[in-house]
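Listing of work_1.cif, mmCIF, C-alpha atoms (C1' of nucleotides)
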```cif
data_entry
loop_
_atom_site.group_PDB
_atom_site.id
_atom_site.type_symbol
_atom_site.label_atom_id
_atom_site.label_comp_id
_atom_site.auth_asym_id
_atom_site.auth_seq_id
_atom_site.Cartn_x
_atom_site.Cartn_y
_atom_site.Cartn_z
ATOM 1 C CA MET A 1 94.674 128.997 121.357
ATOM 2 C CA GLU A 2 96.387 128.266 118.062
ATOM 3 C CA THR A 3 99.726 129.359 119.513
ATOM 4 C CA THR A 4 99.239 127.181 122.551
ATOM 5 C CA ILE A 5 98.370 124.146 120.459
ATOM 6 C CA LYS A 6 101.505 124.694 118.391
ATOM 7 C CA MET A 7 103.506 124.951 121.588
ATOM 8 C CA PHE A 8 102.009 121.784 123.075
ATOM 9 C CA LYS A 9 102.616 119.957 119.810
ATOM 10 C CA ALA A 10 106.240 121.059 119.724
ATOM 11 C CA LEU A 11 106.826 119.999 123.319
ATOM 12 C CA SER A 12 104.956 116.709 123.136
ATOM 13 C CA ASP A 13 107.922 114.837 121.716
ATOM 14 C CA GLU A 14 110.708 113.531 123.904
ATOM 15 C CA THR A 15 113.575 114.663 121.698
ATOM 16 C CA ARG A 16 112.209 118.169 121.424
ATOM 17 C CA LEU A 17 111.308 118.445 125.083
ATOM 18 C CA ARG A 18 114.824 117.420 126.067
ATOM 19 C CA ILE A 19 116.335 119.986 123.705
ATOM 20 C CA PHE A 20 114.047 122.643 125.089
ATOM 21 C CA LEU A 21 114.871 121.807 128.704
ATOM 22 C CA LEU A 22 118.579 121.771 127.890
ATOM 23 C CA LEU A 23 118.268 125.253 126.443
ATOM 24 C CA ILE A 24 116.497 126.424 129.581
ATOM 25 C CA GLN A 25 119.378 124.992 131.654
ATOM 26 C CA SER A 26 122.180 126.362 129.591
ATOM 27 C CA GLU A 27 121.198 129.702 128.129
ATOM 28 C CA GLU A 28 122.541 128.673 124.716
ATOM 29 C CA LEU A 29 123.792 125.694 122.746
ATOM 30 C CA CYS A 30 124.858 124.950 119.191
ATOM 31 C CA VAL A 31 123.686 121.932 117.222
ATOM 32 C CA CYS A 32 126.897 119.963 117.640
ATOM 33 C CA GLU A 33 126.705 120.400 121.405
ATOM 34 C CA LEU A 34 123.172 119.010 121.347
ATOM 35 C CA VAL A 35 124.314 116.113 119.162
ATOM 36 C CA ASN A 36 127.045 115.524 121.729
ATOM 37 C CA ILE A 37 124.753 115.649 124.740
ATOM 38 C CA LEU A 38 121.811 113.720 123.344
ATOM 39 C CA ASN A 39 123.867 111.332 121.264
ATOM 40 C CA MET A 40 121.544 111.490 118.268
ATOM 41 C CA GLU A 41 121.890 111.969 114.519
ATOM 42 C CA GLN A 42 122.628 115.554 113.578
ATOM 43 C CA SER A 43 119.742 115.707 111.108
ATOM 44 C CA ARG A 44 117.394 114.563 113.829
ATOM 45 C CA ILE A 45 118.518 117.399 116.092
ATOM 46 C CA SER A 46 118.260 119.911 113.261
ATOM 47 C CA HIS A 47 114.792 118.738 112.372
ATOM 48 C CA SER A 48 113.639 118.858 115.986
ATOM 49 C CA ILE A 49 115.068 122.323 116.377
ATOM 50 C CA ARG A 50 113.189 123.478 113.339
ATOM 51 C CA ILE A 51 109.889 122.526 114.891
ATOM 52 C CA LEU A 52 110.743 124.287 118.147
ATOM 53 C CA ARG A 53 111.738 127.347 116.135
ATOM 54 C CA GLU A 54 108.548 127.276 114.091
ATOM 55 C CA ALA A 55 106.573 127.195 117.330
ATOM 56 C CA ASP A 56 108.460 130.362 118.367
ATOM 57 C CA LEU A 57 109.914 128.613 121.372
ATOM 58 C CA ILE A 58 113.540 129.169 120.450
ATOM 59 C CA VAL A 59 115.611 131.608 118.416
ATOM 60 C CA ASN A 60 119.059 131.441 116.880
ATOM 61 C CA ARG A 61 122.017 133.537 115.810
ATOM 62 C CA ARG A 62 125.069 132.690 113.773
ATOM 63 C CA GLU A 63 128.523 132.887 115.320
ATOM 64 C CA GLY A 64 131.104 131.977 112.724
ATOM 65 C CA ARG A 65 130.620 128.376 111.756
ATOM 66 C CA TRP A 66 128.111 127.755 114.499
ATOM 67 C CA ILE A 67 124.452 128.494 114.768
ATOM 68 C CA ILE A 68 123.598 129.060 118.360
ATOM 69 C CA TYR A 69 120.165 128.415 119.798
ATOM 70 C CA SER A 70 118.473 129.823 122.869
ATOM 71 C CA ILE A 71 115.028 130.196 124.390
ATOM 72 C CA ASN A 72 112.925 132.927 122.818
ATOM 73 C CA ARG A 73 112.816 135.722 125.398
ATOM 74 C CA GLU A 74 109.234 136.476 124.483
ATOM 75 C CA ILE A 75 107.984 133.212 125.917
ATOM 76 C CA LYS A 76 109.929 133.552 129.143
ATOM 77 C CA ASN A 77 106.914 134.958 130.920
ATOM 78 C CA ASN A 78 104.465 132.471 129.450
ATOM 79 C CA GLU A 79 102.887 130.782 132.434
ATOM 80 C CA ILE A 80 102.782 127.383 130.801
ATOM 81 C CA ILE A 81 106.538 127.510 130.309
ATOM 82 C CA HIS A 82 106.909 128.595 133.934
ATOM 83 C CA GLY A 83 104.891 125.606 134.996
ATOM 84 C CA LEU A 84 106.910 123.320 132.785
ATOM 85 C CA LYS A 85 110.149 124.470 134.404
ATOM 86 C CA ASN A 86 108.845 123.581 137.827
ATOM 87 C CA GLU A 87 107.152 120.321 136.891
ATOM 88 C CA VAL A 88 109.710 118.554 134.732
ATOM 89 C CA LYS A 89 113.336 117.634 135.255
ATOM 90 C CA LEU A 90 115.793 116.498 132.613
ATOM 91 C CA PRO A 91 116.979 112.882 132.753
ATOM 92 C CA GLU A 92 120.154 112.532 134.877
ATOM 93 C CA GLN A 93 122.031 111.247 131.854
ATOM 94 C CA ASP A 94 121.370 114.453 129.960
ATOM 95 C CA LEU A 95 122.564 116.577 132.862
ATOM 96 C CA GLU A 96 125.748 114.534 133.088
ATOM 97 C CA ASN A 97 126.389 114.749 129.369
ATOM 98 C CA PHE A 98 125.648 118.424 129.474
ATOM 99 C CA ALA A 99 128.288 118.963 132.176
ATOM 100 C CA LYS A 100 130.825 116.874 130.279
ATOM 101 C CA CYS A 101 130.118 118.757 127.094
ATOM 102 C CA LYS A 102 130.625 122.117 128.772
ATOM 103 C CA LYS A 103 133.977 120.895 130.147
ATOM 104 C CA LYS A 104 135.085 119.830 126.682
ATOM 105 C CA ASN A 105 134.411 123.337 125.450
ATOM 106 C CA ILE A 106 134.072 122.024 121.920
ATOM 107 C CA ARG A 107 133.508 125.357 120.301
ATOM 108 C CA GLU A 108 137.028 126.499 121.300
ATOM 109 C CA LYS A 109 138.719 123.653 119.499
ATOM 110 C CA PHE A 110 139.081 123.375 115.789
ATOM 111 C CA LYS A 111 136.911 120.313 115.466
ATOM 112 C CA CYS A 112 133.610 119.760 117.208
ATOM 113 C CA ASN A 113 133.053 116.032 116.989
ATOM 114 C CA MET B 114 108.736 113.629 131.873
ATOM 115 C CA GLU B 115 106.718 110.799 130.357
ATOM 116 C CA THR B 116 103.584 112.064 132.098
ATOM 117 C CA THR B 117 104.173 115.577 130.849
ATOM 118 C CA ILE B 118 104.676 114.408 127.283
ATOM 119 C CA LYS B 119 101.422 112.456 127.476
ATOM 120 C CA MET B 120 99.718 115.559 128.807
ATOM 121 C CA PHE B 121 101.116 117.806 126.078
ATOM 122 C CA LYS B 122 100.156 115.269 123.446
ATOM 123 C CA ALA B 123 96.602 115.088 124.763
ATOM 124 C CA LEU B 124 96.254 118.865 124.820
ATOM 125 C CA SER B 125 97.907 119.536 121.473
ATOM 126 C CA ASP B 126 94.723 118.912 119.540
ATOM 127 C CA GLU B 127 92.058 121.561 119.131
ATOM 128 C CA THR B 128 89.091 119.306 119.805
ATOM 129 C CA ARG B 129 90.622 117.926 122.982
ATOM 130 C CA LEU B 130 91.851 121.293 124.218
ATOM 131 C CA ARG B 131 88.376 122.759 123.782
ATOM 132 C CA ILE B 132 86.823 119.849 125.671
ATOM 133 C CA PHE B 133 89.374 120.244 128.428
ATOM 134 C CA LEU B 134 88.827 123.996 128.729
ATOM 135 C CA LEU B 135 85.055 123.470 128.754
ATOM 136 C CA LEU B 136 85.443 121.051 131.636
ATOM 137 C CA ILE B 137 87.543 123.599 133.519
ATOM 138 C CA GLN B 138 84.771 126.174 132.967
ATOM 139 C CA SER B 139 81.898 124.009 133.901
ATOM 140 C CA GLU B 140 82.926 121.539 136.593
ATOM 141 C CA GLU B 141 81.248 118.690 134.738
ATOM 142 C CA LEU B 142 79.649 117.772 131.431
ATOM 143 C CA CYS B 143 78.250 114.666 129.791
ATOM 144 C CA VAL B 144 79.062 113.602 126.248
ATOM 145 C CA CYS B 145 75.810 114.780 124.745
ATOM 146 C CA GLU B 146 76.339 118.226 126.230
ATOM 147 C CA LEU B 147 79.772 118.343 124.605
ATOM 148 C CA VAL B 148 78.272 117.186 121.313
ATOM 149 C CA ASN B 149 75.752 119.981 121.692
ATOM 150 C CA ILE B 150 78.293 122.673 122.495
ATOM 151 C CA LEU B 151 81.008 121.717 120.022
ATOM 152 C CA ASN B 152 78.627 120.571 117.315
ATOM 153 C CA MET B 153 80.672 117.507 116.419
ATOM 154 C CA GLU B 154 80.065 113.795 115.805
ATOM 155 C CA GLN B 155 79.435 111.899 119.023
ATOM 156 C CA SER B 156 82.099 109.327 118.246
ATOM 157 C CA ARG B 157 84.617 112.088 117.720
ATOM 158 C CA ILE B 158 83.875 113.477 121.164
ATOM 159 C CA SER B 159 84.063 110.018 122.707
ATOM 160 C CA HIS B 160 87.394 109.289 121.079
ATOM 161 C CA SER B 161 88.799 112.633 122.179
ATOM 162 C CA ILE B 162 87.603 112.069 125.706
ATOM 163 C CA ARG B 163 89.297 108.710 125.804
ATOM 164 C CA ILE B 164 92.671 110.268 125.091
ATOM 165 C CA LEU B 165 92.169 112.935 127.757
ATOM 166 C CA ARG B 166 91.202 110.178 130.176
ATOM 167 C CA GLU B 167 94.190 108.040 129.300
ATOM 168 C CA ALA B 168 96.429 111.031 129.966
ATOM 169 C CA ASP B 169 94.803 111.223 133.433
ATOM 170 C CA LEU B 170 93.516 114.698 132.726
ATOM 171 C CA ILE B 171 89.861 113.882 133.283
ATOM 172 C CA VAL B 172 87.767 111.383 135.187
ATOM 173 C CA ASN B 173 84.189 110.181 134.874
ATOM 174 C CA ARG B 174 81.285 108.750 136.795
ATOM 175 C CA ARG B 175 78.035 107.251 135.642
ATOM 176 C CA GLU B 176 74.731 108.906 136.522
ATOM 177 C CA GLY B 177 71.873 106.881 135.137
ATOM 178 C CA ARG B 178 72.046 106.944 131.379
ATOM 179 C CA TRP B 179 74.772 109.592 131.374
ATOM 180 C CA ILE B 180 78.473 109.379 131.877
ATOM 181 C CA ILE B 181 79.663 112.585 133.382
ATOM 182 C CA TYR B 182 83.167 113.924 132.911
ATOM 183 C CA SER B 183 85.187 116.327 134.991
ATOM 184 C CA ILE B 184 88.771 117.456 135.513
ATOM 185 C CA ASN B 185 90.900 115.016 137.502
ATOM 186 C CA ARG B 186 91.392 116.644 140.893
ATOM 187 C CA GLU B 187 94.914 115.327 141.070
ATOM 188 C CA ILE B 188 96.091 117.569 138.279
ATOM 189 C CA LYS B 189 94.451 120.672 139.668
ATOM 190 C CA ASN B 190 97.677 121.788 141.272
ATOM 191 C CA ASN B 191 99.843 120.952 138.289
ATOM 192 C CA GLU B 192 101.568 124.199 137.415
ATOM 193 C CA ILE B 193 101.337 123.612 133.687
ATOM 194 C CA ILE B 194 97.555 123.352 133.973
ATOM 195 C CA HIS B 195 97.534 126.505 136.075
ATOM 196 C CA GLY B 196 99.489 128.256 133.360
ATOM 197 C CA LEU B 197 97.140 126.950 130.712
ATOM 198 C CA LYS B 198 94.117 128.355 132.539
ATOM 199 C CA ASN B 199 95.659 131.816 132.550
ATOM 200 C CA GLU B 200 97.081 131.767 129.043
ATOM 201 C CA VAL B 201 94.242 130.380 126.942
ATOM 202 C CA LYS B 202 90.635 131.387 126.486
ATOM 203 C CA LEU B 203 87.911 129.330 124.851
ATOM 204 C CA PRO B 204 86.532 130.608 121.527
ATOM 205 C CA GLU B 205 83.564 132.939 122.063
ATOM 206 C CA GLN B 206 81.350 130.557 120.120
ATOM 207 C CA ASP B 207 82.035 127.771 122.589
ATOM 208 C CA LEU B 208 81.222 130.006 125.546
ATOM 209 C CA GLU B 209 77.967 131.024 123.893
ATOM 210 C CA ASN B 210 77.012 127.461 123.088
ATOM 211 C CA PHE B 211 77.960 126.447 126.590
ATOM 212 C CA ALA B 212 75.616 129.040 128.069
ATOM 213 C CA LYS B 213 72.799 128.014 125.731
ATOM 214 C CA CYS B 214 73.343 124.373 126.575
ATOM 215 C CA LYS B 215 73.173 125.022 130.294
ATOM 216 C CA LYS B 216 69.905 126.916 129.789
ATOM 217 C CA LYS B 217 68.442 123.986 127.866
ATOM 218 C CA ASN B 218 69.233 121.728 130.795
ATOM 219 C CA ILE B 219 69.175 118.720 128.514
ATOM 220 C CA ARG B 220 69.804 116.177 131.199
ATOM 221 C CA GLU B 221 66.478 117.011 132.844
ATOM 222 C CA LYS B 222 64.457 116.187 129.750
ATOM 223 C CA PHE B 223 63.770 112.733 128.486
ATOM 224 C CA LYS B 224 65.683 113.176 125.256
ATOM 225 C CA CYS B 225 69.055 114.816 124.942
ATOM 226 C CA ASN B 226 69.324 115.656 121.239
ATOM 227 C "C1'" DC C 227 61.334 91.994 127.663
ATOM 228 C "C1'" DG C 228 61.555 95.149 123.707
ATOM 229 C "C1'" DA C 229 62.606 99.771 122.299
ATOM 230 C "C1'" DT C 230 65.131 103.771 122.726
ATOM 231 C "C1'" DA C 231 68.735 106.778 124.457
ATOM 232 C "C1'" DA C 232 73.628 107.666 125.768
ATOM 233 C "C1'" DT C 233 78.022 106.339 125.167
ATOM 234 C "C1'" DA C 234 81.920 103.409 123.755
ATOM 235 C "C1'" DT C 235 84.454 100.832 120.594
ATOM 236 C "C1'" DG C 236 86.170 98.876 116.003
ATOM 237 C "C1'" DA C 237 87.604 99.186 111.426
ATOM 238 C "C1'" DA C 238 88.837 101.822 107.470
ATOM 239 C "C1'" DT C 239 90.857 105.621 105.624
ATOM 240 C "C1'" DA C 240 93.331 109.788 105.198
ATOM 241 C "C1'" DT C 241 96.595 112.771 106.988
ATOM 242 C "C1'" DC C 242 100.558 113.864 109.497
ATOM 243 C "C1'" DA C 243 104.983 113.012 112.149
ATOM 244 C "C1'" DT C 244 109.403 110.868 113.002
ATOM 245 C "C1'" DT C 245 113.658 109.114 111.669
ATOM 246 C "C1'" DA C 246 117.507 107.910 108.700
ATOM 247 C "C1'" DT C 247 120.199 108.494 104.636
ATOM 248 C "C1'" DA C 248 121.903 111.355 101.407
ATOM 249 C "C1'" DT C 249 122.850 115.829 99.702
ATOM 250 C "C1'" DA C 250 123.196 120.973 99.850
ATOM 251 C "C1'" DT C 251 124.838 125.322 101.786
ATOM 252 C "C1'" DA C 252 127.688 128.509 104.083
ATOM 253 C "C1'" DA C 253 131.683 129.829 106.722
ATOM 254 C "C1'" DA C 254 136.597 129.275 107.814
ATOM 255 C "C1'" DG C 255 141.309 127.500 107.201
ATOM 256 C "C1'" DG C 256 145.090 126.659 104.618
ATOM 257 C "C1'" DC D 257 140.027 128.356 95.463
ATOM 258 C "C1'" DC D 258 139.784 123.793 97.512
ATOM 259 C "C1'" DT D 259 138.790 121.317 101.705
ATOM 260 C "C1'" DT D 260 136.787 120.745 105.956
ATOM 261 C "C1'" DT D 261 133.393 121.711 109.396
ATOM 262 C "C1'" DA D 262 128.749 122.897 111.019
ATOM 263 C "C1'" DT D 263 124.251 122.938 109.912
ATOM 264 C "C1'" DA D 264 120.115 122.641 107.006
ATOM 265 C "C1'" DT D 265 117.171 120.455 103.939
ATOM 266 C "C1'" DA D 266 115.122 116.917 100.651
ATOM 267 C "C1'" DT D 267 113.652 112.415 100.144
ATOM 268 C "C1'" DA D 268 111.847 108.217 101.419
ATOM 269 C "C1'" DA D 269 110.324 104.732 104.662
ATOM 270 C "C1'" DT D 270 107.847 103.842 108.442
ATOM 271 C "C1'" DG D 271 104.809 104.719 112.170
ATOM 272 C "C1'" DA D 272 101.279 107.311 114.603
ATOM 273 C "C1'" DT D 273 96.903 110.134 114.725
ATOM 274 C "C1'" DA D 274 92.337 111.943 113.602
ATOM 275 C "C1'" DT D 275 87.995 111.295 111.635
ATOM 276 C "C1'" DT D 276 83.993 108.955 110.043
ATOM 277 C "C1'" DC D 277 80.788 105.217 109.608
ATOM 278 C "C1'" DA D 278 79.094 101.196 111.494
ATOM 279 C "C1'" DT D 279 78.238 98.439 115.436
ATOM 280 C "C1'" DA D 280 78.272 97.151 120.405
ATOM 281 C "C1'" DT D 281 77.156 98.028 125.207
ATOM 282 C "C1'" DT D 282 74.641 99.600 129.058
ATOM 283 C "C1'" DA D 283 70.788 101.783 131.264
ATOM 284 C "C1'" DT D 284 66.094 103.327 131.449
ATOM 285 C "C1'" DC D 285 61.211 103.478 130.188
ATOM 286 C "C1'" DG D 286 56.986 101.651 128.999
#
```

Entire entry expressed as structure tokens:
Amino acid sequence: METTIKMFKALSDETRLRIFLLLIQSEELCVCELVNILNMEQSRISHSIRILREADLIVNRREGRWIIYSINREIKNNEIIHGLKNEVKLPEQDLENFAKCKKKNIREKFKCN
Amino acid sequence: METTIKMFKALSDETRLRIFLLLIQSEELCVCELVNILNMEQSRISHSIRILREADLIVNRREGRWIIYSINREIKNNEIIHGLKNEVKLPEQDLENFAKCKKKNIREKFKCN
DNA sequence: CGATAATATGAATATCATTATATATAAAGG
DNA sequence: CCTTTATATATAATGATATTCATATTATCG
């Protein structure tokens, strides 16, 4: 129950829900990609990510200069998350920006933004 | 997306989640039964109920002096709610109090509390 | 109709959450 | 090593939420 409440709390904010859905879409993303896609302040993304991480919804690993986030495998068979995947779609704009961002391949270049 | 966020927000509070799960268990309950089961201030229950209602999670009808709440049928095939049912159990204490309350049959008597 | 019961609502307060700005840290490049 | 880049965190301002106490509303009973 406590875990579920934490999960609901983490996902009951638009910014965080969009980040979470983007991570479901894309397997993994770094912060500067999320900044790029969502067009928000970096500190806002970082802060949002922290709350998702603290709710055990996402995990991260470092890869050189980047810290790369992905969905926590352990919640992949949580039925609420399953339901969420089927019930909610990302805004079109986010999908577009996500595609553009992937094309840019910003992590290959020297400079991200 | 907006609907889902409203839903998550409504269910991300312990009081409201317990009320919601009790209503799933029991088909329908009036406020004084919930006060009885959860052992909380009546106004707290009423306020919580309002938020669940505004998120379209529950509905109500009047029956004499009582206002009786139940799960909104329209969300019964929402996959997130399905997931929730399977993932979360009510605290034992609530189940006990629920059973006791049903035995008391308070709506049959003149006075509820 | 007056009293009581069930529930809702309002106001006040306390707590918590969100966002922006500024700063810190850690890795990599030259 | 000094700079730049990516990210995190601290701080502060603002806004939202939860809870309680007091009061209002609506229905029933006598």

*When the cut-off is 12 Å and we count all atoms listed in the file, which residues of chain B are near chain A, given as an MDAnalysis selection string?*
chainID B and resid 114:131 134 188 190:205

*Between atom CA of B:Arg157 and atom C1' of D:DC285, measure the distance and give it in Å to one decimal.*
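Answer for the atom CA of B:Arg157 to atom C1' of D:DC285 separation: 27.9 Å.
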
*Take the PyMOL selection byres ((chain A) within 8 of (chain D)), apply it to the structure above, and return the hits as an NGL selection string.*
:A and (31-32 or 46 or 65-67 or 111)

*Using all atoms listed in the file, select each residue of chain C with any atom at most 12 Å away from an atom of chain A, and give the selection as a count of residues only.*
12

*Tell me, in Å to one decimal, how far atom CA of B:Glu141 is from atom CA of B:Asn218.*
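Distance between the two atoms: 13.0 Å.
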
*Separation of atom CA of B:Lys217 and atom CA of B:Glu146, in Å?*
9.9 Å

*I would like the residues chosen by the PyMOL selection byres ((chain A and resi 53-56) around 7) on the shown file; could you give them as a list in words?*
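Applied to this file, the PyMOL selection byres ((chain A and resi 53-56) around 7) selects Lys6, Met7, Ala10, Ile49, Arg50, Ile51, Leu52, Leu57, Ile58, Val59 and Asn72 of chain A.
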
Just to be explicit: take each residue in the selection above, keep C-alpha atoms, and write the result as a PDB file, keeping the file's coordinate frame.
```pdb
ATOM      1  CA  LYS A   6     101.505 124.694 118.391  1.00  0.00           C
ATOM      2  CA  MET A   7     103.506 124.951 121.588  1.00  0.00           C
ATOM      3  CA  ALA A  10     106.240 121.059 119.724  1.00  0.00           C
ATOM      4  CA  ILE A  49     115.068 122.323 116.377  1.00  0.00           C
ATOM      5  CA  ARG A  50     113.189 123.478 113.339  1.00  0.00           C
ATOM      6  CA  ILE A  51     109.889 122.526 114.891  1.00  0.00           C
ATOM      7  CA  LEU A  52     110.743 124.287 118.147  1.00  0.00           C
ATOM      8  CA  LEU A  57     109.914 128.613 121.372  1.00  0.00           C
ATOM      9  CA  ILE A  58     113.540 129.169 120.450  1.00  0.00           C
ATOM     10  CA  VAL A  59     115.611 131.608 118.416  1.00  0.00           C
ATOM     11  CA  ASN A  72     112.925 132.927 122.818  1.00  0.00           C
TER      12      ASN A  72
END
```

Give, as JSON, the centre coordinates and the x, y and z edge lengths in Å to one decimal for an axis-aligned box around all listed atoms of stretch 51-62 of chain A, padded by 8 Å on each side.
```
{"center_x": 115.8, "center_y": 128.0, "center_z": 117.6, "size_x": 34.5, "size_y": 27.0, "size_z": 23.6}
```
